[in-house]
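J.: Supplied in structure tokens, the structure appears directly below.
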Amino acid sequence: MVYLDYAATSPLLPEVITAMHEAEQKFFANASALHTPGHLAMNKIEETRKLLAQLINANPDEIIFTSGASEANNTVIRTFAGHKIYTSPLEHHSIDEAARVLGGNKKPALYSYMFANNEIGEILSIENIIKKAHKNGDYIHSDLTQVLGKLPINIKALDLDYATFSAHKIGGPVGVGALFIKDGAPFKSLIIGGNQEGKRRGTTYNTAGIIGFGAALKYAIKHKTWDIYDAKIRALRDGLAKRILEEIPGSSLNTDITPGKSLPNILNASFQAAEGESIQLYLDAEGIIVSTGSACASGDIKPSHVLMAKTGDAEVAHSSIRFSFGLDNTEEDVKKVMQVLPGIINRLQKISTIERES
Amino acid sequence: MNEGQDWIYSDIVKDHFLNPRNFLFGDESKFDFDAVGVVGNPICGDQMKMYIKVKNGKIEDIRWKTYGCASAIASTSALSELAKGKTLDEVVNISAKDIDDYLGNLPKHKFHCSVLGHQALADAVKKYRAE
Ligand code: FES
């Protein structure tokens, strides 16, 4: 199998499996308990908190663990319920839908602008938004889910009030995320009832999951994964982009691959007159795993809101495929994609009711 | 949706998707047809075309084109097989349910495009009769 859907989720790193296996056996006790096994479990949780704090340059006290990025995003938006909430057009639905439902007109306002997008990999320049927000006494949140491990992160230098992270995009388990809350920033608990996370989030600690997250963070720090993404993975991504444009008529890129403009591991491309879900499933039949922004593939038959916001063209979304790379991908994977992709696109274009232009 | 199987759609859908029958590959002048039916799908932007060749009141041969999803491809392929050799009255009476039964229950959110071929076929028959 050639797995190119790492931006959706990544397989557990071997180090994570080992750590979680050990956790299930040794650190099963309720981490809030005063007894020794509980205390030992708590120590492991705090270890993860310190690792994340180290990686993003924050204080451990400014981090709480959540059930994932969506919960972290929802927590921030709910804190500003009734307030003016500004979002970028590229946000995840756990932000834009929550903001639509909960936003109001009160001051101070919240700005929620992701640092980099998951579908096209675009890096948004949010420095000016951050400055603007703070000048007016407003607050700023950024969803860094896709950025963790891919680019160096310095929360203090960025001057963010809130930031969201997720374990399963960096080889950790699904069901664990984290929220950075700057010391002194407004905060309302999403889950009320419990002293966990300094009374900021009730519910028994997910010890094994958090330990798994810790192992993934340790891996990222040890291997400086952002450097690997910047060199090896960028070369693979750019190589695929080049070959697609050269070898597939009617193809175009939705990702700007200029360095600094996009995450180095994401490539979104469109193939005129070929429908995305069909491309995805023909690739699947060849053992190549990708995703699409086509309306046909979404449960609600709506095209990707990100591609619609960027291009205003449902056709672009209808024929779009996202290739997202992880640390395990190789040159060989790109070759395998290019062995079958041109044929699949050609066939779909030939049976299509609309004409390819070039 | 498709519990217990390793593919998102049923085996028969998968087979028709991977090996679609009777599609019109390339230029439509390659097929000598008597009428063509067209239907657009406002829901997800898909389009479907059915080309029929009629002899003695029966569908002698049939081709189709689509800009649609796997389910649209598979169901149209299946429909083209069901329609071949049938009289015009018979083919307009093939119901969406017949296609769905034949394909082994499509996911609900795919139903709208899986019946497009059927509408395009009915349109083709209507045009043929109007000629
Ligand atoms: S053609 Fe769009 S969902 Fe089937």
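Residues in the structure tokens are named by chain (A, B, ... in the order shown) and by number from 1 within that chain; ligands are numbered from 1 in the order shown.
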Pick out each residue of stretch 205-335 of chain A that DSSP on the backbone tags as strand (DSSP E or B); I need them as a list in words.

T.: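 Those residues are Ser251, Ser252, Leu253, Ser262, Ile266, Leu267, Asn268, Ala269, Ser270, Phe271, Ile288, Ile289, Ser291, Thr292, Ser320, Ile321, Arg322, Phe323 and Ser324 of chain A.
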
J.: Could you dump the residues just selected with N, CA and C atoms as a PDB file, in the first residue's frame?

T.:
ATOM      1  N   SER A 251      -4.231  18.822 -15.896  1.00  0.00           N
ATOM      2  CA  SER A 251      -3.974  18.882 -14.446  1.00  0.00           C
ATOM      3  C   SER A 251      -3.559  20.289 -14.036  1.00  0.00           C
ATOM      4  N   SER A 252      -3.852  20.617 -12.799  1.00  0.00           N
ATOM      5  CA  SER A 252      -3.412  21.900 -12.249  1.00  0.00           C
ATOM      6  C   SER A 252      -3.229  21.741 -10.750  1.00  0.00           C
ATOM      7  N   LEU A 253      -2.439  22.623 -10.152  1.00  0.00           N
ATOM      8  CA  LEU A 253      -2.172  22.513  -8.715  1.00  0.00           C
ATOM      9  C   LEU A 253      -3.039  23.489  -7.931  1.00  0.00           C
ATOM     10  N   SER A 262       3.422  26.903   1.543  1.00  0.00           N
ATOM     11  CA  SER A 262       2.590  25.761   1.918  1.00  0.00           C
ATOM     12  C   SER A 262       3.394  24.802   2.786  1.00  0.00           C
ATOM     13  N   ILE A 266       2.005  18.555   1.743  1.00  0.00           N
ATOM     14  CA  ILE A 266       0.659  18.490   1.153  1.00  0.00           C
ATOM     15  C   ILE A 266       0.678  18.966  -0.295  1.00  0.00           C
ATOM     16  N   LEU A 267       0.030  18.174  -1.153  1.00  0.00           N
ATOM     17  CA  LEU A 267      -0.137  18.561  -2.555  1.00  0.00           C
ATOM     18  C   LEU A 267      -1.586  18.318  -2.953  1.00  0.00           C
ATOM     19  N   ASN A 268      -2.259  19.395  -3.330  1.00  0.00           N
ATOM     20  CA  ASN A 268      -3.629  19.257  -3.809  1.00  0.00           C
ATOM     21  C   ASN A 268      -3.638  19.611  -5.291  1.00  0.00           C
ATOM     22  N   ALA A 269      -4.194  18.713  -6.095  1.00  0.00           N
ATOM     23  CA  ALA A 269      -4.208  18.922  -7.543  1.00  0.00           C
ATOM     24  C   ALA A 269      -5.596  18.641  -8.093  1.00  0.00           C
ATOM     25  N   SER A 270      -5.935  19.282  -9.201  1.00  0.00           N
ATOM     26  CA  SER A 270      -7.210  19.007  -9.866  1.00  0.00           C
ATOM     27  C   SER A 270      -6.955  18.455 -11.261  1.00  0.00           C
ATOM     28  N   PHE A 271      -7.876  17.592 -11.699  1.00  0.00           N
ATOM     29  CA  PHE A 271      -7.743  16.932 -12.992  1.00  0.00           C
ATOM     30  C   PHE A 271      -9.020  17.165 -13.779  1.00  0.00           C
ATOM     31  N   ILE A 288      -3.315   2.718  -3.631  1.00  0.00           N
ATOM     32  CA  ILE A 288      -2.793   4.064  -3.374  1.00  0.00           C
ATOM     33  C   ILE A 288      -3.876   4.883  -2.664  1.00  0.00           C
ATOM     34  N   ILE A 289      -3.528   5.398  -1.499  1.00  0.00           N
ATOM     35  CA  ILE A 289      -4.535   5.980  -0.617  1.00  0.00           C
ATOM     36  C   ILE A 289      -4.385   7.499  -0.572  1.00  0.00           C
ATOM     37  N   SER A 291      -7.002  11.473  -0.660  1.00  0.00           N
ATOM     38  CA  SER A 291      -8.336  11.983  -0.351  1.00  0.00           C
ATOM     39  C   SER A 291      -8.770  12.978  -1.428  1.00  0.00           C
ATOM     40  N   THR A 292     -10.027  13.378  -1.380  1.00  0.00           N
ATOM     41  CA  THR A 292     -10.565  14.295  -2.406  1.00  0.00           C
ATOM     42  C   THR A 292     -11.479  15.331  -1.782  1.00  0.00           C
ATOM     43  N   SER A 320     -10.685  17.320  -7.550  1.00  0.00           N
ATOM     44  CA  SER A 320      -9.469  17.522  -6.758  1.00  0.00           C
ATOM     45  C   SER A 320      -9.048  16.278  -5.986  1.00  0.00           C
ATOM     46  N   ILE A 321      -7.752  16.136  -5.870  1.00  0.00           N
ATOM     47  CA  ILE A 321      -7.162  15.048  -5.080  1.00  0.00           C
ATOM     48  C   ILE A 321      -6.096  15.646  -4.175  1.00  0.00           C
ATOM     49  N   ARG A 322      -6.098  15.206  -2.898  1.00  0.00           N
ATOM     50  CA  ARG A 322      -5.033  15.630  -1.992  1.00  0.00           C
ATOM     51  C   ARG A 322      -4.086  14.466  -1.738  1.00  0.00           C
ATOM     52  N   PHE A 323      -2.816  14.694  -2.002  1.00  0.00           N
ATOM     53  CA  PHE A 323      -1.764  13.748  -1.637  1.00  0.00           C
ATOM     54  C   PHE A 323      -1.090  14.333  -0.409  1.00  0.00           C
ATOM     55  N   SER A 324      -1.101  13.633   0.728  1.00  0.00           N
ATOM     56  CA  SER A 324      -0.393  14.176   1.887  1.00  0.00           C
ATOM     57  C   SER A 324       0.617  13.161   2.389  1.00  0.00           C
TER      58      SER A 324
END

J.: Enumerate, in order of chain and increasing residue number, the residues of chain A with an atom no farther than 9 Å from chain B, each with its shortest atom pair and distance in Å to one decimal, counting only C-alpha atoms, as CSV.

T.:
residue,atom,partner,partner_atom,distance
A:Ala273,CA,B:Tyr67,CA,6.7
A:Ala274,CA,B:Tyr67,CA,6.5
A:Glu275,CA,B:Gly68,CA,5.7
A:Gly276,CA,B:Cys69,CA,7.4
A:Glu277,CA,B:Cys69,CA,5.4
A:Ser278,CA,B:Ala70,CA,4.8
A:Ile279,CA,B:Ala70,CA,8.5
A:Leu281,CA,B:Ala70,CA,7.2
A:Tyr282,CA,B:Leu18,CA,7.3
A:Ala285,CA,B:Leu18,CA,8.1
A:Ser294,CA,B:Cys44,CA,8.4
A:Ala295,CA,B:Cys44,CA,5.5
A:Cys296,CA,B:Cys69,CA,6.0
A:Ala297,CA,B:Cys69,CA,7.7
A:Gly299,CA,B:His109,CA,6.8
A:Asp300,CA,B:His109,CA,7.5
A:Ile301,CA,B:Cys44,CA,5.8
A:Lys302,CA,B:Cys44,CA,6.7
A:Pro303,CA,B:Cys44,CA,7.6
A:Ala314,CA,B:Gly45,CA,7.7
A:Glu315,CA,B:Gly45,CA,7.8
A:His318,CA,B:Gly45,CA,7.6
A:Arg347,CA,B:Phe25,CA,7.7
A:Leu348,CA,B:Tyr67,CA,7.8
A:Gln349,CA,B:Gly26,CA,8.0
A:Lys350,CA,B:Gly26,CA,4.5
A:Ile351,CA,B:Lys65,CA,5.0
A:Ser352,CA,B:Tyr67,CA,4.7
A:Thr353,CA,B:Thr66,CA,5.2
A:Ile354,CA,B:Tyr67,CA,7.1

J.: May I have all residues of chain B that DSSP, computed from the backbone, assigns to helix (DSSP H, G or I), given as a PyMOL selection string?

T.: chain B and resi 11-18+28-30+70-83+88-92+96-103+108-114+116-130

J.: Skip A:Leu158 itself and residues of its chain fewer than 3 positions away, then list as a ChimeraX atom specification all residues within 12 Å of it, counting only C-alpha atoms.

T.: /A:56-58,115,125-131,134,140-142,144,152-155,161-163,182

J.: Compile the contact shell of A:Glu97 as a PyMOL selection string: residues with an atom at most 12 Å away, counting only C-alpha atoms, same-chain residues fewer than 2 positions apart removed.

T.: chain A and resi 70+73-74+77-78+85-87+89-95+99-103+305

J.: With N, CA and C atoms retained, export the selected residues as a PDB file, in the first residue's frame.

T.:
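The file below, result_5.pdb, is the result:
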ATOM      1  N   SER A  70     -10.705  18.957  17.531  1.00  0.00           N
ATOM      2  CA  SER A  70     -12.057  19.531  17.447  1.00  0.00           C
ATOM      3  C   SER A  70     -12.525  20.018  18.804  1.00  0.00           C
ATOM      4  N   ASN A  73     -10.661  23.219  19.636  1.00  0.00           N
ATOM      5  CA  ASN A  73     -11.223  24.337  18.861  1.00  0.00           C
ATOM      6  C   ASN A  73     -12.564  24.776  19.435  1.00  0.00           C
ATOM      7  N   ASN A  74     -13.415  23.812  19.686  1.00  0.00           N
ATOM      8  CA  ASN A  74     -14.743  24.113  20.254  1.00  0.00           C
ATOM      9  C   ASN A  74     -14.629  24.816  21.599  1.00  0.00           C
ATOM     10  N   ILE A  77     -13.879  28.505  20.989  1.00  0.00           N
ATOM     11  CA  ILE A  77     -15.032  29.216  20.418  1.00  0.00           C
ATOM     12  C   ILE A  77     -16.115  29.390  21.485  1.00  0.00           C
ATOM     13  N   ARG A  78     -16.355  28.354  22.272  1.00  0.00           N
ATOM     14  CA  ARG A  78     -17.384  28.443  23.316  1.00  0.00           C
ATOM     15  C   ARG A  78     -17.026  29.461  24.394  1.00  0.00           C
ATOM     16  N   ILE A  85     -16.788  36.868  16.533  1.00  0.00           N
ATOM     17  CA  ILE A  85     -15.750  35.877  16.208  1.00  0.00           C
ATOM     18  C   ILE A  85     -15.417  35.976  14.722  1.00  0.00           C
ATOM     19  N   TYR A  86     -14.172  36.281  14.436  1.00  0.00           N
ATOM     20  CA  TYR A  86     -13.720  36.338  13.053  1.00  0.00           C
ATOM     21  C   TYR A  86     -12.925  35.063  12.736  1.00  0.00           C
ATOM     22  N   THR A  87     -13.186  34.477  11.581  1.00  0.00           N
ATOM     23  CA  THR A  87     -12.421  33.281  11.206  1.00  0.00           C
ATOM     24  C   THR A  87     -11.925  33.423   9.771  1.00  0.00           C
ATOM     25  N   PRO A  89     -11.419  31.920   5.962  1.00  0.00           N
ATOM     26  CA  PRO A  89     -12.329  31.053   5.193  1.00  0.00           C
ATOM     27  C   PRO A  89     -11.833  29.617   5.078  1.00  0.00           C
ATOM     28  N   LEU A  90     -10.658  29.341   5.603  1.00  0.00           N
ATOM     29  CA  LEU A  90     -10.073  28.002   5.418  1.00  0.00           C
ATOM     30  C   LEU A  90     -10.167  27.138   6.673  1.00  0.00           C
ATOM     31  N   GLU A  91     -10.890  27.601   7.683  1.00  0.00           N
ATOM     32  CA  GLU A  91     -10.912  26.885   8.960  1.00  0.00           C
ATOM     33  C   GLU A  91     -11.594  25.523   8.871  1.00  0.00           C
ATOM     34  N   HIS A  92     -11.208  24.681   9.790  1.00  0.00           N
ATOM     35  CA  HIS A  92     -11.870  23.387   9.986  1.00  0.00           C
ATOM     36  C   HIS A  92     -13.301  23.645  10.469  1.00  0.00           C
ATOM     37  N   HIS A  93     -14.205  22.694  10.173  1.00  0.00           N
ATOM     38  CA  HIS A  93     -15.602  22.890  10.569  1.00  0.00           C
ATOM     39  C   HIS A  93     -15.786  23.011  12.087  1.00  0.00           C
ATOM     40  N   SER A  94     -14.873  22.464  12.862  1.00  0.00           N
ATOM     41  CA  SER A  94     -15.012  22.585  14.321  1.00  0.00           C
ATOM     42  C   SER A  94     -14.785  24.025  14.761  1.00  0.00           C
ATOM     43  N   ILE A  95     -14.298  24.859  13.860  1.00  0.00           N
ATOM     44  CA  ILE A  95     -14.197  26.287  14.150  1.00  0.00           C
ATOM     45  C   ILE A  95     -15.294  27.063  13.438  1.00  0.00           C
ATOM     46  N   ALA A  99     -18.370  28.802  15.281  1.00  0.00           N
ATOM     47  CA  ALA A  99     -18.418  30.268  15.300  1.00  0.00           C
ATOM     48  C   ALA A  99     -19.754  30.769  14.757  1.00  0.00           C
ATOM     49  N   ARG A 100     -20.256  30.079  13.740  1.00  0.00           N
ATOM     50  CA  ARG A 100     -21.539  30.480  13.157  1.00  0.00           C
ATOM     51  C   ARG A 100     -22.662  30.342  14.188  1.00  0.00           C
ATOM     52  N   VAL A 101     -22.618  29.249  14.927  1.00  0.00           N
ATOM     53  CA  VAL A 101     -23.678  28.971  15.895  1.00  0.00           C
ATOM     54  C   VAL A 101     -23.544  29.867  17.138  1.00  0.00           C
ATOM     55  N   LEU A 102     -22.314  30.095  17.567  1.00  0.00           N
ATOM     56  CA  LEU A 102     -22.112  30.706  18.889  1.00  0.00           C
ATOM     57  C   LEU A 102     -21.702  32.180  18.869  1.00  0.00           C
ATOM     58  N   GLY A 103     -21.284  32.670  17.704  1.00  0.00           N
ATOM     59  CA  GLY A 103     -20.780  34.046  17.638  1.00  0.00           C
ATOM     60  C   GLY A 103     -21.862  35.079  17.915  1.00  0.00           C
ATOM     61  N   HIS A 305     -15.238  23.285   1.239  1.00  0.00           N
ATOM     62  CA  HIS A 305     -15.421  24.732   1.446  1.00  0.00           C
ATOM     63  C   HIS A 305     -14.096  25.471   1.275  1.00  0.00           C
TER      64      HIS A 305
END

J.: List as an MDAnalysis selection string the protein and nucleic acid residues near stretch 203-216 of chain A, meaning an atom at most 9 Å away when only C-alpha atoms are counted, but skip any in the same chain fewer than 5 places from it.

T.: chainID A and resid 12:13 15:24 27:32 41:42 44:45 47:52 65:67 166:168 170:177 191:197 221

J.: Just the selected residues (C-alpha atoms), exported as a PDB file, in the first residue's frame, please.

T.:
ATOM      1  CA  LEU A  12       1.142   5.005  15.189  1.00  0.00           C
ATOM      2  CA  LEU A  13       4.912   5.257  15.393  1.00  0.00           C
ATOM      3  CA  GLU A  15       7.770   4.116  19.706  1.00  0.00           C
ATOM      4  CA  VAL A  16       4.180   5.149  20.409  1.00  0.00           C
ATOM      5  CA  ILE A  17       2.895   1.572  20.299  1.00  0.00           C
ATOM      6  CA  THR A  18       5.591   0.498  22.766  1.00  0.00           C
ATOM      7  CA  ALA A  19       4.890   3.395  25.102  1.00  0.00           C
ATOM      8  CA  MET A  20       1.124   2.887  25.030  1.00  0.00           C
ATOM      9  CA  HIS A  21       1.450  -0.832  25.540  1.00  0.00           C
ATOM     10  CA  GLU A  22       3.564  -0.192  28.604  1.00  0.00           C
ATOM     11  CA  ALA A  23       1.117   2.459  29.781  1.00  0.00           C
ATOM     12  CA  GLU A  24      -1.837   0.092  29.600  1.00  0.00           C
ATOM     13  CA  PHE A  27      -0.060   3.237  34.320  1.00  0.00           C
ATOM     14  CA  PHE A  28      -3.661   2.119  34.328  1.00  0.00           C
ATOM     15  CA  ALA A  29      -4.499   3.745  37.656  1.00  0.00           C
ATOM     16  CA  ASN A  30      -6.648   6.856  37.803  1.00  0.00           C
ATOM     17  CA  ALA A  31      -4.132   9.668  37.512  1.00  0.00           C
ATOM     18  CA  SER A  32      -6.149  11.900  39.839  1.00  0.00           C
ATOM     19  CA  ALA A  41       0.454   7.860  36.011  1.00  0.00           C
ATOM     20  CA  MET A  42       0.201  11.595  36.694  1.00  0.00           C
ATOM     21  CA  LYS A  44       3.818  10.451  32.912  1.00  0.00           C
ATOM     22  CA  ILE A  45       1.049  12.857  31.917  1.00  0.00           C
ATOM     23  CA  GLU A  47       6.047  14.489  31.104  1.00  0.00           C
ATOM     24  CA  THR A  48       3.992  14.809  27.928  1.00  0.00           C
ATOM     25  CA  ARG A  49       2.858  18.270  28.938  1.00  0.00           C
ATOM     26  CA  LYS A  50       6.485  19.330  29.374  1.00  0.00           C
ATOM     27  CA  LEU A  51       7.475  17.864  26.020  1.00  0.00           C
ATOM     28  CA  LEU A  52       4.751  19.776  24.220  1.00  0.00           C
ATOM     29  CA  PHE A  65      -5.153  17.883  27.131  1.00  0.00           C
ATOM     30  CA  THR A  66      -8.381  17.319  25.237  1.00  0.00           C
ATOM     31  CA  SER A  67     -10.022  14.543  23.240  1.00  0.00           C
ATOM     32  CA  SER A 166      -3.527  16.960  17.823  1.00  0.00           C
ATOM     33  CA  ALA A 167      -1.602  13.748  18.508  1.00  0.00           C
ATOM     34  CA  HIS A 168      -2.740  11.604  15.606  1.00  0.00           C
ATOM     35  CA  ILE A 170       2.257  13.114  14.221  1.00  0.00           C
ATOM     36  CA  GLY A 171       2.135   9.376  14.775  1.00  0.00           C
ATOM     37  CA  GLY A 172       0.329   9.524  18.105  1.00  0.00           C
ATOM     38  CA  PRO A 173      -3.093   8.062  18.898  1.00  0.00           C
ATOM     39  CA  VAL A 174      -6.491   9.370  17.773  1.00  0.00           C
ATOM     40  CA  GLY A 175      -8.488  10.861  20.645  1.00  0.00           C
ATOM     41  CA  VAL A 176      -5.781  13.037  22.171  1.00  0.00           C
ATOM     42  CA  GLY A 177      -5.282  16.711  21.536  1.00  0.00           C
ATOM     43  CA  ILE A 191     -16.532  19.818  30.414  1.00  0.00           C
ATOM     44  CA  ILE A 192     -17.536  21.025  33.848  1.00  0.00           C
ATOM     45  CA  GLY A 193     -17.313  18.861  36.938  1.00  0.00           C
ATOM     46  CA  GLY A 194     -13.913  17.631  38.006  1.00  0.00           C
ATOM     47  CA  ASN A 195     -10.601  18.947  39.194  1.00  0.00           C
ATOM     48  CA  GLN A 196      -8.633  17.552  36.291  1.00  0.00           C
ATOM     49  CA  GLU A 197      -6.387  19.785  34.189  1.00  0.00           C
ATOM     50  CA  ILE A 221      12.001  16.564  19.045  1.00  0.00           C
TER      51      ILE A 221
END
